[in-house]
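Working notes, beginning with the structure itself.
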Amino acid sequence: MESKVKEINIVGFLCNWCSYAGADMTGLGRNIYPSNIKVIRIPCTGRMDPMMIIEAFHNGADGVLVSGCHPGDCHYTEGNFYWRRRYPHLKSLLEHFGVDRRRFHASWVSASEGKKFAEVVKKVYAEVKDWKDNG
Amino acid sequence: MAYLITKENIKNLLTDLIKLKAVFAPKKDAEDTVLFGKLSSSSEWHGDALLTHTTAKDKVYLQSETFFKIKRNKSGVTIEDGPEPEETVIFGCRPCDARGFDIIGKLFNWSNFVDEYYTKRIAKTTIICISCEKPESTCFCTSFTKGSPVNETGSDVLLTNIKDGKYLAESITDKGRKLIGDNSKYFTEASKADEEAKVTFKAEAEKKIAKKLDLAEVKRKLEPAFESVYWDTVHLPCVKCGACTFVCPTCYCFDITEKAFDNINSVRVRSWDTCMNELFTRMAGGVNPRTDTKKRFRQRFMHKFNYHVDNFKEELCTGCGRCIKACPVSIDIRKVIEEIR
Amino acid sequence: MDKELQEIIKKLLAEKKVDWAIGYEKAYDELSTRPAFVQDANDTARLIFNKYCINNLGLYLTKFKKNKLAVVCKGCDIATVFELIKEKQFSRENVVVIGVACEGVLDKKTGKQLEKCENCRVKQPKGADFTVGTGKDSAAPKNFLDVVEFEKKSSKEKAEFWNRQFEKCIRCYACRNVCPVCYCPDCFANRTMPEYLNKNVDAEENKLFHMIRMQHVFGRCTDCKACDTACPVNIPLTLLTKKLAKDAKELFNYESGADMDVLPPLSTYNEADSESDIL
């Protein structure tokens, strides 16, 4: 891989019950995806403190991905519903502060969707790269 | 020795100084905030405002001063000094700001305790001060022994606008004499009449300052007032922000912290702190002698007008009135200390 | 008007209906007022209300939780009181809201009327226990023109704009401390374990503080402009609070302090919420 590609840092906050298992599944299924994502396991997207996302950007993350269970599948019944409300507001606010909207993403990935996780990371990577290259 | 300089020549002088040194002068930005900023051309100087929103203090006593940088490598750590101060000119501050440097200068050189960071910076700083023509309703510098709209304590050169566009320039210190000597082409010698014009100027300006406090009386009243019930109610409107202390030319309290950038690089930094902040007195383990908002409020006035007077025989205040203006709930320092009982 | 206000408060204090009354009094000059705390029924003569009464007195409610209070509120401040009651910070029974009709307030620093007063629809206070005076509401609703204008900028321009603003910031926390909904006893900015915010003051660190604060007050901020007017270096925080109000309205059709029965947007959810942006 070229060095420039390596420079991109994406922080992935994955929910313990779906997306984290989904990321495991990606590996098991031998799906290829960019290695720029650094995964942090969180109990639930409902626990995703927006402060941590802002801190991630502050500390130099190029992109942030938050991924959780599909609506209705939450291990804690409703955690991801709360996240679904927090996400658009946070994205809008971060954009207002000058954090480009291409840098912050959310997704639903279930434990069996290994392929989808690879797709999501590729997509996030492409967007972040687009931001980094084209401003 | 007094000289005369025209407003035109002041601008020329600034242009010359900018080439050699970092010149900080009041600058106005898009939001009408007037702050001391680094000039890139003499036209940026905004001389109309009486006071800048914050003081010039932060050009010498930085809000965040890097003591040293720490870098981890294979053999251990290396320590690197913070950036060396550059030659600086503070232009267009007011006598109250300049006197602030005098007051905190004494503190940072208190008997054997010499603060090398402050001392190093102030040694490289020349302060050109401009007398106040139109003091505002919040000004009360005349209450202090040394305070006046034309007071020269702390400044190196004092400019006084004696007639339209003509300034009387007085060199106060060696630094000031050197500055005038180096740029002598802009200065002409002042006559006796010019120096007398300053006396009229002073009288005129002082007339505009309505409030005069009896500070000896304040000190006498403050001493036994530590447990006074007065503090129980007077602090109520205060929201305990640090606006008053951070815009003050004399408040000097600080905190020393480390900031880590990553696993390899970190810095040790001294940042301003304020007695209004709960964190200021919180100790390791969580004990805090000043938990109560009342105690923090009291500390500010006690320190300024009581404890500091005991140690330095002068108040920790110059009467600039910035704290009154900056206070979100318009608490008036004059009223608080005057009504003490 | 002042007389009427004083009489109401005098009566409340004399009848021991409240422990403290919070109103406005004259401060150091004609253009400034400060919050006044009155405990004694004979001390009400200093209370006033005029166009310089800029503070949002709802601020003090969370600081006097144990007492019964009477609070002088402009129409816009009442939204704050209701928002705090909704957040269960104190009970409705413990506070007597004295609404004062307001013709718009002026900033003591600029002498100009606040921008929020132009299209104010609560000049005549609504929902107060007592109302003093009558005011005429503006016909036009609140607009977000300046925010919309700002949103058109590219993210790079926005970042540059805020960097310039936050370079000025001296982190005095006046914005946080005058904010009625910033009542956390242990603010993230004061936390040291873990440390969210370093004491080192620079544009990046200041921006971090403001970003987190803004995110914290989303859906609770009533856009009262207390932070904006308190800032000693005139950082246009109104651009941020207005953005919050706009987002709350557009994303969740929510207006802080307006309806007592609707929960704040982030403390509830709807199964039918949009997820167009989620991958």
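Residues are named by chain letter and number: chains run A, B, ... in the order of the structure tokens, numbers start at 1 in each chain, and ligands are numbered from 1 in the order shown.
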
- Query: range 92-103 of chain A: which residues within 7 Å, counting only C-alpha atoms, same-chain residues fewer than 4 positions away excluded, as a PyMOL selection string?
  - Reply: (chain A and resi 62-64+88+127-128+131) or (chain C and resi 151+155-156+158-159+162)

Residue selection dump (N, CA and C atoms) as a compact mmCIF listing (two decimals), in the first residue's frame:
```txt
# COMPACT_ATOMS: atom_id res chain seq x y z
N ASP A 62 -9.25 11.30 11.25
CA ASP A 62 -9.75 11.87 9.99
C ASP A 62 -11.22 11.55 9.81
N GLY A 63 -11.59 10.37 10.28
CA GLY A 63 -12.99 10.00 10.15
C GLY A 63 -13.45 9.22 11.36
N VAL A 64 -14.76 9.24 11.58
CA VAL A 64 -15.33 8.45 12.67
C VAL A 64 -16.52 7.68 12.12
N PRO A 88 -27.97 12.62 13.60
CA PRO A 88 -28.14 13.73 12.65
C PRO A 88 -27.82 15.09 13.28
N GLU A 127 -14.95 8.15 1.29
CA GLU A 127 -15.42 9.52 1.59
C GLU A 127 -14.34 10.32 2.31
N VAL A 128 -13.72 9.68 3.30
CA VAL A 128 -12.69 10.39 4.06
C VAL A 128 -11.52 10.73 3.14
N TRP A 131 -12.34 13.62 1.06
CA TRP A 131 -12.20 14.87 1.82
C TRP A 131 -10.74 15.26 1.96
N GLU C 151 -24.18 28.51 6.92
CA GLU C 151 -24.12 27.10 6.51
C GLU C 151 -23.66 26.96 5.06
N SER C 155 -16.65 23.77 4.52
CA SER C 155 -16.22 23.39 5.86
C SER C 155 -14.87 24.00 6.20
N LYS C 156 -14.08 24.25 5.20
CA LYS C 156 -12.79 24.87 5.45
C LYS C 156 -12.96 26.31 5.93
N LYS C 158 -15.60 27.50 7.35
CA LYS C 158 -16.20 27.46 8.68
C LYS C 158 -15.12 27.23 9.74
N ALA C 159 -14.25 26.26 9.46
CA ALA C 159 -13.20 25.95 10.43
C ALA C 159 -12.30 27.16 10.64
N TRP C 162 -14.14 29.75 12.83
CA TRP C 162 -14.19 29.41 14.25
C TRP C 162 -12.80 29.44 14.88
```

- Would you list which chain C residues are within 6 Å of chain B using only C-alpha atoms, as a VMD selection string? chain C and resid 34 to 35 172 to 174 177 200 to 201 230 232 to 233

- Query: Pick from B:Phe201, B:Tyr118, B:Phe301, B:Tyr186: nearest to Ser148 in chain B, with only C-alpha atoms counted?
  - Reply: B:Phe201

- Item | Check: which chain A residues lie within 9 Å of chain C using only C-alpha atoms, as JSON, numbers by chain | {"A": [50, 51, 54, 55, 58, 67, 71, 72, 78, 81, 82, 83, 84, 85, 86, 87, 88, 89, 90, 92, 93, 94, 95, 96, 97, 98, 99, 100, 101, 105, 106, 107, 108, 109, 120, 123, 135]}

Expected file: the selected residues, N, CA and C atoms, as a CSV table (one decimal), in the first residue's frame:
```
chain,number,residue,atom,x,y,z
A,50,PRO,N,-21.4,11.5,22.6
A,50,PRO,CA,-21.0,12.4,21.6
A,50,PRO,C,-19.6,13.1,21.9
A,51,MET,N,-19.4,13.2,23.2
A,51,MET,CA,-18.1,13.8,23.6
A,51,MET,C,-16.9,13.1,23.1
A,54,ILE,N,-16.3,13.9,19.5
A,54,ILE,CA,-15.7,15.2,19.3
A,54,ILE,C,-14.2,15.1,19.7
A,55,GLU,N,-13.9,14.3,20.8
A,55,GLU,CA,-12.6,14.1,21.3
A,55,GLU,C,-11.7,13.4,20.2
A,58,HIS,N,-10.8,15.9,17.7
A,58,HIS,CA,-9.9,16.8,18.3
A,58,HIS,C,-8.5,16.2,18.3
A,67,SER,N,-21.1,2.3,14.5
A,67,SER,CA,-22.0,1.3,13.9
A,67,SER,C,-22.7,0.5,15.0
A,71,PRO,N,-32.2,-1.1,13.7
A,71,PRO,CA,-33.3,-0.7,14.6
A,71,PRO,C,-34.2,-1.8,14.9
A,72,GLY,N,-34.5,-2.0,16.2
A,72,GLY,CA,-35.4,-3.1,16.5
A,72,GLY,C,-34.6,-4.3,17.0
A,78,GLU,N,-33.7,-0.5,23.0
A,78,GLU,CA,-33.9,0.8,22.4
A,78,GLU,C,-32.7,1.7,22.3
A,81,PHE,N,-32.1,3.4,19.0
A,81,PHE,CA,-33.1,4.4,18.6
A,81,PHE,C,-32.6,5.8,19.2
A,82,TYR,N,-32.1,5.8,20.3
A,82,TYR,CA,-31.5,7.1,20.9
A,82,TYR,C,-30.4,7.6,20.0
A,83,TRP,N,-29.5,6.6,19.6
A,83,TRP,CA,-28.4,7.0,18.8
A,83,TRP,C,-28.9,7.6,17.5
A,84,ARG,N,-30.0,7.0,16.9
A,84,ARG,CA,-30.5,7.5,15.7
A,84,ARG,C,-30.9,8.9,15.8
A,85,ARG,N,-31.3,9.4,17.0
A,85,ARG,CA,-31.6,10.8,17.1
A,85,ARG,C,-30.4,11.7,17.3
A,86,ARG,N,-29.4,11.1,18.0
A,86,ARG,CA,-28.2,11.9,18.3
A,86,ARG,C,-27.4,12.1,17.1
A,87,TYR,N,-27.4,11.2,16.2
A,87,TYR,CA,-26.5,11.2,15.0
A,87,TYR,C,-26.7,12.4,14.1
A,88,PRO,N,-28.0,12.6,13.6
A,88,PRO,CA,-28.1,13.7,12.6
A,88,PRO,C,-27.8,15.1,13.3
A,89,HIS,N,-28.2,15.2,14.6
A,89,HIS,CA,-27.9,16.5,15.2
A,89,HIS,C,-26.4,16.7,15.4
A,90,LEU,N,-25.7,15.7,15.8
A,90,LEU,CA,-24.3,15.8,16.0
A,90,LEU,C,-23.6,16.1,14.7
A,92,SER,N,-24.8,17.5,12.1
A,92,SER,CA,-25.1,18.9,11.7
A,92,SER,C,-24.3,19.9,12.5
A,93,LEU,N,-24.1,19.6,13.8
A,93,LEU,CA,-23.4,20.6,14.6
A,93,LEU,C,-21.9,20.5,14.3
A,94,LEU,N,-21.4,19.3,14.1
A,94,LEU,CA,-19.9,19.2,13.7
A,94,LEU,C,-19.7,19.9,12.4
A,95,GLU,N,-20.6,19.8,11.5
A,95,GLU,CA,-20.4,20.5,10.2
A,95,GLU,C,-20.4,22.0,10.4
A,96,HIS,N,-21.2,22.5,11.3
A,96,HIS,CA,-21.3,23.9,11.6
A,96,HIS,C,-19.9,24.4,12.1
A,97,PHE,N,-19.2,23.5,12.8
A,97,PHE,CA,-17.9,23.8,13.4
A,97,PHE,C,-16.8,23.6,12.4
A,98,GLY,N,-17.2,23.2,11.2
A,98,GLY,CA,-16.2,23.0,10.2
A,98,GLY,C,-15.6,21.6,10.0
A,99,VAL,N,-16.3,20.6,10.7
A,99,VAL,CA,-15.9,19.2,10.4
A,99,VAL,C,-16.7,18.7,9.3
A,100,ASP,N,-16.0,18.4,8.2
A,100,ASP,CA,-16.8,18.1,7.0
A,100,ASP,C,-17.7,16.9,7.1
A,101,ARG,N,-18.8,16.9,6.5
A,101,ARG,CA,-19.8,15.8,6.7
A,101,ARG,C,-19.3,14.5,6.1
A,105,HIS,N,-19.7,9.2,10.0
A,105,HIS,CA,-20.7,8.3,9.5
A,105,HIS,C,-21.3,7.4,10.5
A,106,ALA,N,-22.5,6.9,10.2
A,106,ALA,CA,-23.1,5.9,11.1
A,106,ALA,C,-23.6,4.8,10.2
A,107,SER,N,-23.7,3.6,10.8
A,107,SER,CA,-24.2,2.5,10.0
A,107,SER,C,-24.9,1.4,10.9
A,108,TRP,N,-25.7,0.6,10.3
A,108,TRP,CA,-26.3,-0.5,11.0
A,108,TRP,C,-25.6,-1.8,10.4
A,109,VAL,N,-24.9,-2.5,11.2
A,109,VAL,CA,-24.3,-3.8,10.7
A,109,VAL,C,-24.7,-4.9,11.8
A,120,VAL,N,-19.2,-1.1,4.1
A,120,VAL,CA,-19.4,0.2,4.9
A,120,VAL,C,-18.0,0.9,5.1
A,123,LYS,N,-16.7,2.3,2.0
A,123,LYS,CA,-17.4,3.6,1.6
A,123,LYS,C,-16.9,4.7,2.5
A,135,GLY,N,-10.3,18.3,-0.2
A,135,GLY,CA,-10.6,19.4,0.7
A,135,GLY,C,-12.1,19.7,0.8
```

- Out of chain A, which residues get alpha helix (DSSP H) from DSSP, as a ChimeraX atom specification? /A:3-7,19-28,50-58,79-96,114-134

- Message: Write out as an NGL selection string the set of residues from range 89-320 of chain B that DSSP, computed on the backbone, places in strand (DSSP E).
- Response: :B and (89-93 or 109-110 or 113-114 or 125-130 or 157-163 or 166-171 or 188-189 or 254-260 or 265-272)

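Counting only C-alpha atoms, the residue from A:Asn9, A:Asn36, A:Ser112, A:Thr77 that sits nearest to Ala56 in chain A is A:Asn9.
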
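If you count only C-alpha atoms and ignore residues fewer than 5 places along the chain from Met25 in chain A, what sits within 12 Å of it is Cys18, Ser19, Tyr20, Arg30, Asn31, Ile32, Val109, Ser110, Ala111, Ser112, Glu113, Gly114, Lys115, Lys116, Phe117 and Ala118 of chain A.
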
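The list of residues with at least one atom within 8 Å of Leu59 in chain C, based on only C-alpha atoms and without residues fewer than 5 positions apart in the same chain, reads Val178, Cys179, Pro180 and Val181 of chain C.
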
- Item | Who sits within 12 Å of Phe36 in chain B, only C-alpha atoms, same chain under 4 positions skipped, as number ranges by chain | B: 22-29, 44-47, 49, 51-60, 89-94, 97; C: 168, 233

Resulting file, chosen residues, C-alpha atoms, as an mmCIF file, in the first residue's frame:
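Contents of part_39.cif, freshly written:
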```
data_model
loop_
_atom_site.group_PDB
_atom_site.id
_atom_site.type_symbol
_atom_site.label_atom_id
_atom_site.label_comp_id
_atom_site.auth_asym_id
_atom_site.auth_seq_id
_atom_site.Cartn_x
_atom_site.Cartn_y
_atom_site.Cartn_z
ATOM 1 C CA ALA B 22 6.924 42.074 17.441
ATOM 2 C CA VAL B 23 4.621 45.031 17.993
ATOM 3 C CA PHE B 24 1.385 44.502 19.873
ATOM 4 C CA ALA B 25 -1.212 47.249 19.785
ATOM 5 C CA PRO B 26 -4.992 47.532 20.120
ATOM 6 C CA LYS B 27 -6.583 45.998 17.048
ATOM 7 C CA LYS B 28 -10.232 45.890 16.172
ATOM 8 C CA ASP B 29 -11.757 42.831 14.575
ATOM 9 C CA GLU B 44 -4.079 48.331 11.984
ATOM 10 C CA TRP B 45 -3.584 50.228 15.213
ATOM 11 C CA HIS B 46 -6.956 51.162 16.635
ATOM 12 C CA GLY B 47 -6.352 54.043 18.993
ATOM 13 C CA ALA B 49 -10.987 52.770 22.173
ATOM 14 C CA LEU B 51 -9.610 50.167 26.910
ATOM 15 C CA THR B 52 -9.072 46.932 25.087
ATOM 16 C CA HIS B 53 -11.404 44.107 26.031
ATOM 17 C CA THR B 54 -8.580 42.136 27.615
ATOM 18 C CA THR B 55 -5.324 43.486 28.978
ATOM 19 C CA ALA B 56 -1.839 43.499 27.543
ATOM 20 C CA LYS B 57 -0.831 41.260 30.441
ATOM 21 C CA ASP B 58 -1.029 38.173 28.246
ATOM 22 C CA LYS B 59 1.790 39.430 26.047
ATOM 23 C CA VAL B 60 4.284 39.127 28.882
ATOM 24 C CA VAL B 89 6.860 46.309 21.922
ATOM 25 C CA ILE B 90 3.507 46.816 23.582
ATOM 26 C CA PHE B 91 2.139 49.958 22.068
ATOM 27 C CA GLY B 92 -0.884 51.967 23.093
ATOM 28 C CA CYS B 93 -1.723 50.409 26.402
ATOM 29 C CA ARG B 94 -3.136 52.620 29.127
ATOM 30 C CA ASP B 97 -2.332 48.358 32.124
ATOM 31 C CA LYS C 168 -9.766 35.140 21.119
ATOM 32 C CA VAL C 233 -14.371 39.137 23.868
#
```

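Considering only C-alpha atoms, the residue among C:Cys53, C:Ala203, C:Val217, C:Ile9 positioned nearest to Ala41 in chain C is C:Ile9.
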
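What separates CA of Ile127 in chain B from CA of Phe108 in chain B is a distance of 17.9 Å.
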
- Message: Need the shell around Asn143 in chain C: protein/DNA/RNA residues with any atom at most 10 Å away, counting only C-alpha atoms. Skip same-chain ones fewer than 4 positions apart. Format as a list in words?
- Response: Lys116, Glu118, Asn119, Val147, Val148, Lys242 and Lys246 of chain C

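Coordinates place CA of Lys86 in chain C at a distance of 16.1 Å from CA of Tyr60 in chain C.
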
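With distances restricted to only C-alpha atoms, B:Asp262 is the closest residue to chain A from B:Tyr307, B:Arg177, B:Val218, B:Asp262.
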
- Which of B:Glu206, B:Cys320, B:Ser171, B:Phe261 sits closest to chain A [using only C-alpha atoms]: B:Phe261
